[in-house]
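Report on the structure given below.
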Amino acid sequence: MRGVLALEDGRTFEGVGFGAEGVETGEVVFNTSMTGYQEILTDPSYYKQIVTMTVSHVGNTGVNPEDIESARVWVSGFIVRSLSPVVSNWRERGTLDEYLKAQGVIGLSEIATRALVRHIREKGVMRAAIAHGEAAYDTAALVVTARQSMDMSGANLVDAVTTPEPYNWTARSDPQWYRDNHADESGPLIVAYDFGIKHNILRMLTDRGLRVTVVPAHMPASEVKAMNPAGVFLSNGPGDPAAVTYAIDNVRQLVGETPIFGICLGHQILGLALGGKTEKMRFGHRGGNQPVRNLLTGVVEISSHNHGFAVSEDSQLNGAEVTHINLNDHTIEGIRDVEKGVFSVQYHPEAAPGPHDSLYLFDEFVRAVHTGDKVAE
């Protein structure tokens, strides 16, 4: 059945629909990962985004219950060049088409993804409407729908993805994938702010012997302090970090009180709490092959990314230093303040999907937790 992607600038891309039928809006972005589409679909950081995969062939490994990163699919739509008609994998429990249909998410195949990605790179990410079924025949109406949809700048999307109540996380990773990190989880208590947290982040913490309590994004700093945690983790999440003002204020109150480690949106919120600024990127970083230089060691890490905002290069971070930069465009990828015991990275050391070059950052957090107030120097 017909499927269409309509962009706010008037350009349209026609293809074949799969998954659910209907119309949905979102910011159209692209991801350069070669695999891991199920983890991408279930990453809450993609809330209100239509994800285009640059790899040409998607769906051949099907879906399974082990590779989800949250309780549901969060993307507004999913676009591929070619949807595999054959599924062959020892863990598969269904097809991508069936999965998106059950989740109520629209998919498009036979889209000229190379042309679409070039357009996004040249013009920047933009609002779009994705349609499958009868609505796909009225492209003019879809362009209007795209133009009337939400702008990501200024959007607080954390409220829609965070947990409503605190909970304890105890699950660990499968030892066949992470053989060396399975300590007894009877260690210090960590409070993890859920701005849209991924399961593999939580597994990386429990793997290292930490007790983890996940709390809603809006929990006041006073309540977190009352839990007497040995450390605080700031998770990934969707939307504009500057719009999550309550989180910035809470983190500002926690800085200097306990070791803090942030990832992605958590990194941006920490940067804002330290006095920095954030900005929207032209088309962001999304994929599993981004080169990042660790300025402290000189080592280049190949890393997993999913972000459309960044800490501005001209930020005044009140004593914090930049620790990592992206080698493609030199954006800030990491900061730390040794005296305050806080550090963060823009990228995803937990991967899922992606390489494991940056897992050491979880070990640094564990060391900071055990020493009380210092990050690795």
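Just remember, in the structure tokens the first chain shown is A, the second B, etc., residues are 1-based per chain, and ligands are 1-based in the order shown.
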Q. Which parts of range 23-147 of chain A does DSSP call strand (DSSP E or B) when run on the backbone here, written out as a PyMOL selection string?
A. chain A and resi 23-31+49-53+57-58+77-79+82-83+106-109+126-132
Selection: 8 Å around range 43-48 of chain A, only C-alpha atoms, excl. self and same-chain fewer than 3 positions, as a ChimeraX atom specification:
/A:25-27,39-40,51,69-70,73-76,157,161,196-198,236-239,306-307
task = Would you list the contacts of Gly3 in chain A as a VMD selection string, taking every protein, DNA or RNA residue within 12 Å and counting only C-alpha atoms, but skipping same-chain residues closer than 2 positions in sequence?
result = chain A and resid 1 5 to 6 12 to 24 77 to 80 106 to 111 129 to 139 142
Any chance you can output those residues with N, CA and C atoms as a short mmCIF file (atom, residue, chain, number, x, y, z; two decimals), in the first residue's frame?
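This went into part_28.cif:
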data_model
loop_
_atom_site.label_atom_id
_atom_site.label_comp_id
_atom_site.auth_asym_id
_atom_site.auth_seq_id
_atom_site.Cartn_x
_atom_site.Cartn_y
_atom_site.Cartn_z
N MET A 1 0.85 -1.20 0.00
CA MET A 1 0.00 0.00 0.00
C MET A 1 0.88 1.24 0.00
N LEU A 5 6.36 10.30 2.65
CA LEU A 5 6.95 11.20 3.63
C LEU A 5 6.88 12.60 3.04
N ALA A 6 6.26 13.53 3.75
CA ALA A 6 6.14 14.92 3.30
C ALA A 6 6.90 15.82 4.26
N THR A 12 8.53 15.82 -1.12
CA THR A 12 7.89 14.57 -0.73
C THR A 12 8.67 13.38 -1.27
N PHE A 13 8.56 12.26 -0.57
CA PHE A 13 9.21 11.02 -0.98
C PHE A 13 8.16 9.92 -0.93
N GLU A 14 7.98 9.23 -2.06
CA GLU A 14 6.97 8.20 -2.16
C GLU A 14 7.59 6.81 -2.01
N GLY A 15 6.83 5.89 -1.41
CA GLY A 15 7.31 4.53 -1.23
C GLY A 15 6.17 3.58 -0.94
N VAL A 16 6.50 2.51 -0.27
CA VAL A 16 5.53 1.47 0.09
C VAL A 16 5.42 1.43 1.60
N GLY A 17 4.20 1.45 2.11
CA GLY A 17 4.00 1.43 3.55
C GLY A 17 4.07 0.03 4.13
N PHE A 18 4.50 -0.06 5.38
CA PHE A 18 4.39 -1.30 6.16
C PHE A 18 4.12 -0.90 7.60
N GLY A 19 3.94 -1.88 8.45
CA GLY A 19 3.58 -1.55 9.82
C GLY A 19 2.16 -1.01 9.89
N ALA A 20 1.94 -0.04 10.75
CA ALA A 20 0.61 0.51 10.95
C ALA A 20 0.22 1.46 9.82
N GLU A 21 -1.09 1.65 9.65
CA GLU A 21 -1.61 2.63 8.69
C GLU A 21 -1.99 3.91 9.45
N GLY A 22 -2.02 5.03 8.70
CA GLY A 22 -2.42 6.29 9.30
C GLY A 22 -1.46 7.41 8.96
N VAL A 23 -1.48 8.45 9.78
CA VAL A 23 -0.62 9.63 9.61
C VAL A 23 0.01 9.97 10.94
N GLU A 24 1.29 10.32 10.92
CA GLU A 24 1.98 10.76 12.14
C GLU A 24 2.97 11.84 11.76
N GLY A 77 7.95 7.31 13.27
CA GLY A 77 7.92 6.60 11.99
C GLY A 77 9.29 6.03 11.70
N PHE A 78 9.33 5.06 10.77
CA PHE A 78 10.59 4.36 10.48
C PHE A 78 10.71 4.19 8.97
N ILE A 79 11.83 4.64 8.40
CA ILE A 79 12.01 4.67 6.95
C ILE A 79 13.23 3.86 6.55
N VAL A 80 13.05 2.98 5.56
CA VAL A 80 14.15 2.14 5.08
C VAL A 80 14.15 2.14 3.56
N ILE A 106 4.13 3.61 11.97
CA ILE A 106 4.18 3.56 10.51
C ILE A 106 5.61 3.33 10.03
N GLY A 107 5.74 2.45 9.04
CA GLY A 107 7.01 2.24 8.37
C GLY A 107 6.88 2.49 6.88
N LEU A 108 7.96 2.96 6.25
CA LEU A 108 7.99 3.14 4.81
C LEU A 108 9.22 2.45 4.24
N SER A 109 9.03 1.72 3.15
CA SER A 109 10.15 1.14 2.42
C SER A 109 10.11 1.62 0.98
N GLU A 110 11.13 1.25 0.21
CA GLU A 110 11.27 1.69 -1.19
C GLU A 110 11.35 3.22 -1.28
N ILE A 111 11.85 3.83 -0.22
CA ILE A 111 12.11 5.27 -0.21
C ILE A 111 13.53 5.53 -0.71
N ALA A 129 5.64 14.80 7.94
CA ALA A 129 4.47 13.95 8.15
C ALA A 129 4.69 12.66 7.39
N ILE A 130 4.44 11.53 8.03
CA ILE A 130 4.58 10.22 7.42
C ILE A 130 3.20 9.59 7.34
N ALA A 131 2.87 9.02 6.17
CA ALA A 131 1.53 8.47 5.96
C ALA A 131 1.61 7.11 5.28
N HIS A 132 0.70 6.23 5.67
CA HIS A 132 0.57 4.89 5.08
C HIS A 132 -0.91 4.63 4.90
N GLY A 133 -1.33 4.36 3.64
CA GLY A 133 -2.74 4.09 3.37
C GLY A 133 -3.38 5.23 2.59
N GLU A 134 -4.66 5.42 2.79
CA GLU A 134 -5.43 6.39 2.01
C GLU A 134 -4.90 7.81 2.17
N ALA A 135 -4.46 8.17 3.36
CA ALA A 135 -3.98 9.53 3.59
C ALA A 135 -2.73 9.86 2.77
N ALA A 136 -2.02 8.83 2.30
CA ALA A 136 -0.78 9.05 1.55
C ALA A 136 -1.03 9.62 0.16
N TYR A 137 -2.28 9.64 -0.29
CA TYR A 137 -2.58 10.13 -1.64
C TYR A 137 -2.75 11.64 -1.69
N ASP A 138 -2.91 12.29 -0.56
CA ASP A 138 -3.07 13.75 -0.54
C ASP A 138 -1.78 14.38 0.00
N THR A 139 -0.79 14.49 -0.86
CA THR A 139 0.52 14.98 -0.42
C THR A 139 0.48 16.46 -0.02
N LEU A 142 -0.55 16.69 3.47
CA LEU A 142 0.50 16.19 4.36
C LEU A 142 1.59 17.23 4.59
#
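Residues within 6 Å of Glu301 in chain A, counting only C-alpha atoms and excluding same-chain residues fewer than 4 positions away, are A:Pro291, A:Val292, A:Asp357.
Proximity to range 264-281 of chain A at 6 Å, evaluated using only C-alpha atoms and with sequence-adjacent residues fewer than 4 positions away removed, yields Leu234, Ser235, Asn236, Gly237, Pro241, Ile248, Arg252, Gly308, Phe309, Ala310, Val311, Ser312, Ser315, Gln316, Leu317, Ser344, Val345, Gln346 and Tyr347 of chain A.
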Discussion item. What parts of range 154-250 of chain A does DSSP call alpha helix (DSSP H)? I'd like the answer as an NGL selection string.
Written reply: :A and (158-161 or 199-207 or 221-226 or 245-250)
Restricting it to N, CA, C and O atoms, dump the selection as a short mmCIF file (atom, residue, chain, number, x, y, z; two decimals), in the first residue's frame.
data_model
loop_
_atom_site.label_atom_id
_atom_site.label_comp_id
_atom_site.auth_asym_id
_atom_site.auth_seq_id
_atom_site.Cartn_x
_atom_site.Cartn_y
_atom_site.Cartn_z
N VAL A 158 10.67 15.20 27.88
CA VAL A 158 11.03 14.30 28.99
C VAL A 158 9.80 13.89 29.78
O VAL A 158 9.67 12.72 30.20
N ASP A 159 8.88 14.80 29.97
CA ASP A 159 7.68 14.50 30.76
C ASP A 159 6.90 13.32 30.19
O ASP A 159 6.23 12.59 30.94
N ALA A 160 6.99 13.12 28.87
CA ALA A 160 6.21 12.05 28.22
C ALA A 160 6.89 10.69 28.30
O ALA A 160 6.24 9.66 28.08
N VAL A 161 8.19 10.65 28.60
CA VAL A 161 8.91 9.37 28.56
C VAL A 161 9.41 8.89 29.92
O VAL A 161 9.80 7.72 30.07
N HIS A 199 17.63 0.55 28.80
CA HIS A 199 17.88 -0.61 29.64
C HIS A 199 19.36 -0.95 29.75
O HIS A 199 19.83 -1.36 30.82
N ASN A 200 20.11 -0.80 28.66
CA ASN A 200 21.51 -1.23 28.72
C ASN A 200 22.35 -0.32 29.60
O ASN A 200 23.37 -0.77 30.15
N ILE A 201 21.95 0.92 29.76
CA ILE A 201 22.64 1.78 30.73
C ILE A 201 22.47 1.20 32.13
O ILE A 201 23.44 1.09 32.90
N LEU A 202 21.25 0.83 32.46
CA LEU A 202 20.97 0.28 33.79
C LEU A 202 21.73 -1.03 34.00
O LEU A 202 22.26 -1.30 35.09
N ARG A 203 21.79 -1.85 32.96
CA ARG A 203 22.54 -3.11 33.08
C ARG A 203 24.02 -2.85 33.31
O ARG A 203 24.68 -3.59 34.06
N MET A 204 24.57 -1.82 32.66
CA MET A 204 25.99 -1.51 32.85
C MET A 204 26.28 -1.09 34.30
O MET A 204 27.37 -1.33 34.82
N LEU A 205 25.30 -0.46 34.93
CA LEU A 205 25.49 -0.06 36.33
C LEU A 205 25.39 -1.25 37.27
O LEU A 205 26.23 -1.42 38.17
N THR A 206 24.37 -2.10 37.09
CA THR A 206 24.22 -3.26 37.98
C THR A 206 25.32 -4.29 37.73
O THR A 206 25.72 -5.00 38.66
N ASP A 207 25.80 -4.38 36.50
CA ASP A 207 26.91 -5.29 36.21
C ASP A 207 28.13 -4.99 37.07
O ASP A 207 28.93 -5.88 37.38
N ALA A 221 15.55 17.63 44.07
CA ALA A 221 16.88 17.29 44.57
C ALA A 221 16.84 16.96 46.06
O ALA A 221 17.58 16.09 46.52
N SER A 222 15.96 17.60 46.80
CA SER A 222 15.86 17.33 48.24
C SER A 222 15.46 15.89 48.52
O SER A 222 15.97 15.26 49.46
N GLU A 223 14.58 15.33 47.69
CA GLU A 223 14.16 13.94 47.88
C GLU A 223 15.27 12.97 47.49
O GLU A 223 15.43 11.91 48.09
N VAL A 224 16.03 13.33 46.46
CA VAL A 224 17.18 12.51 46.08
C VAL A 224 18.22 12.51 47.19
O VAL A 224 18.76 11.47 47.58
N LYS A 225 18.51 13.67 47.76
CA LYS A 225 19.48 13.76 48.85
C LYS A 225 19.03 12.94 50.05
O LYS A 225 19.85 12.31 50.74
N ALA A 226 17.72 12.91 50.29
CA ALA A 226 17.19 12.16 51.43
C ALA A 226 17.40 10.67 51.28
O ALA A 226 17.41 9.93 52.27
N THR A 245 13.63 22.69 32.50
CA THR A 245 14.18 23.63 33.48
C THR A 245 14.24 23.04 34.88
O THR A 245 15.17 23.33 35.64
N TYR A 246 13.25 22.24 35.25
CA TYR A 246 13.25 21.67 36.61
C TYR A 246 14.44 20.73 36.80
O TYR A 246 15.01 20.65 37.89
N ALA A 247 14.81 20.00 35.74
CA ALA A 247 15.95 19.09 35.85
C ALA A 247 17.26 19.86 36.00
O ALA A 247 18.14 19.47 36.78
N ILE A 248 17.40 20.93 35.26
CA ILE A 248 18.60 21.76 35.36
C ILE A 248 18.74 22.29 36.78
O ILE A 248 19.83 22.26 37.38
N ASP A 249 17.64 22.75 37.36
CA ASP A 249 17.67 23.29 38.72
C ASP A 249 18.01 22.19 39.73
O ASP A 249 18.82 22.41 40.65
N ASN A 250 17.43 21.01 39.57
CA ASN A 250 17.71 19.91 40.49
C ASN A 250 19.17 19.49 40.44
O ASN A 250 19.81 19.26 41.47
#
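Interatomic distance, CA of Asn326 in chain A to CA of Arg293 in chain A: 6.4 Å.
Interatomic distance, CA of Trp177 in chain A against CA of Arg208 in chain A: 14.6 Å.
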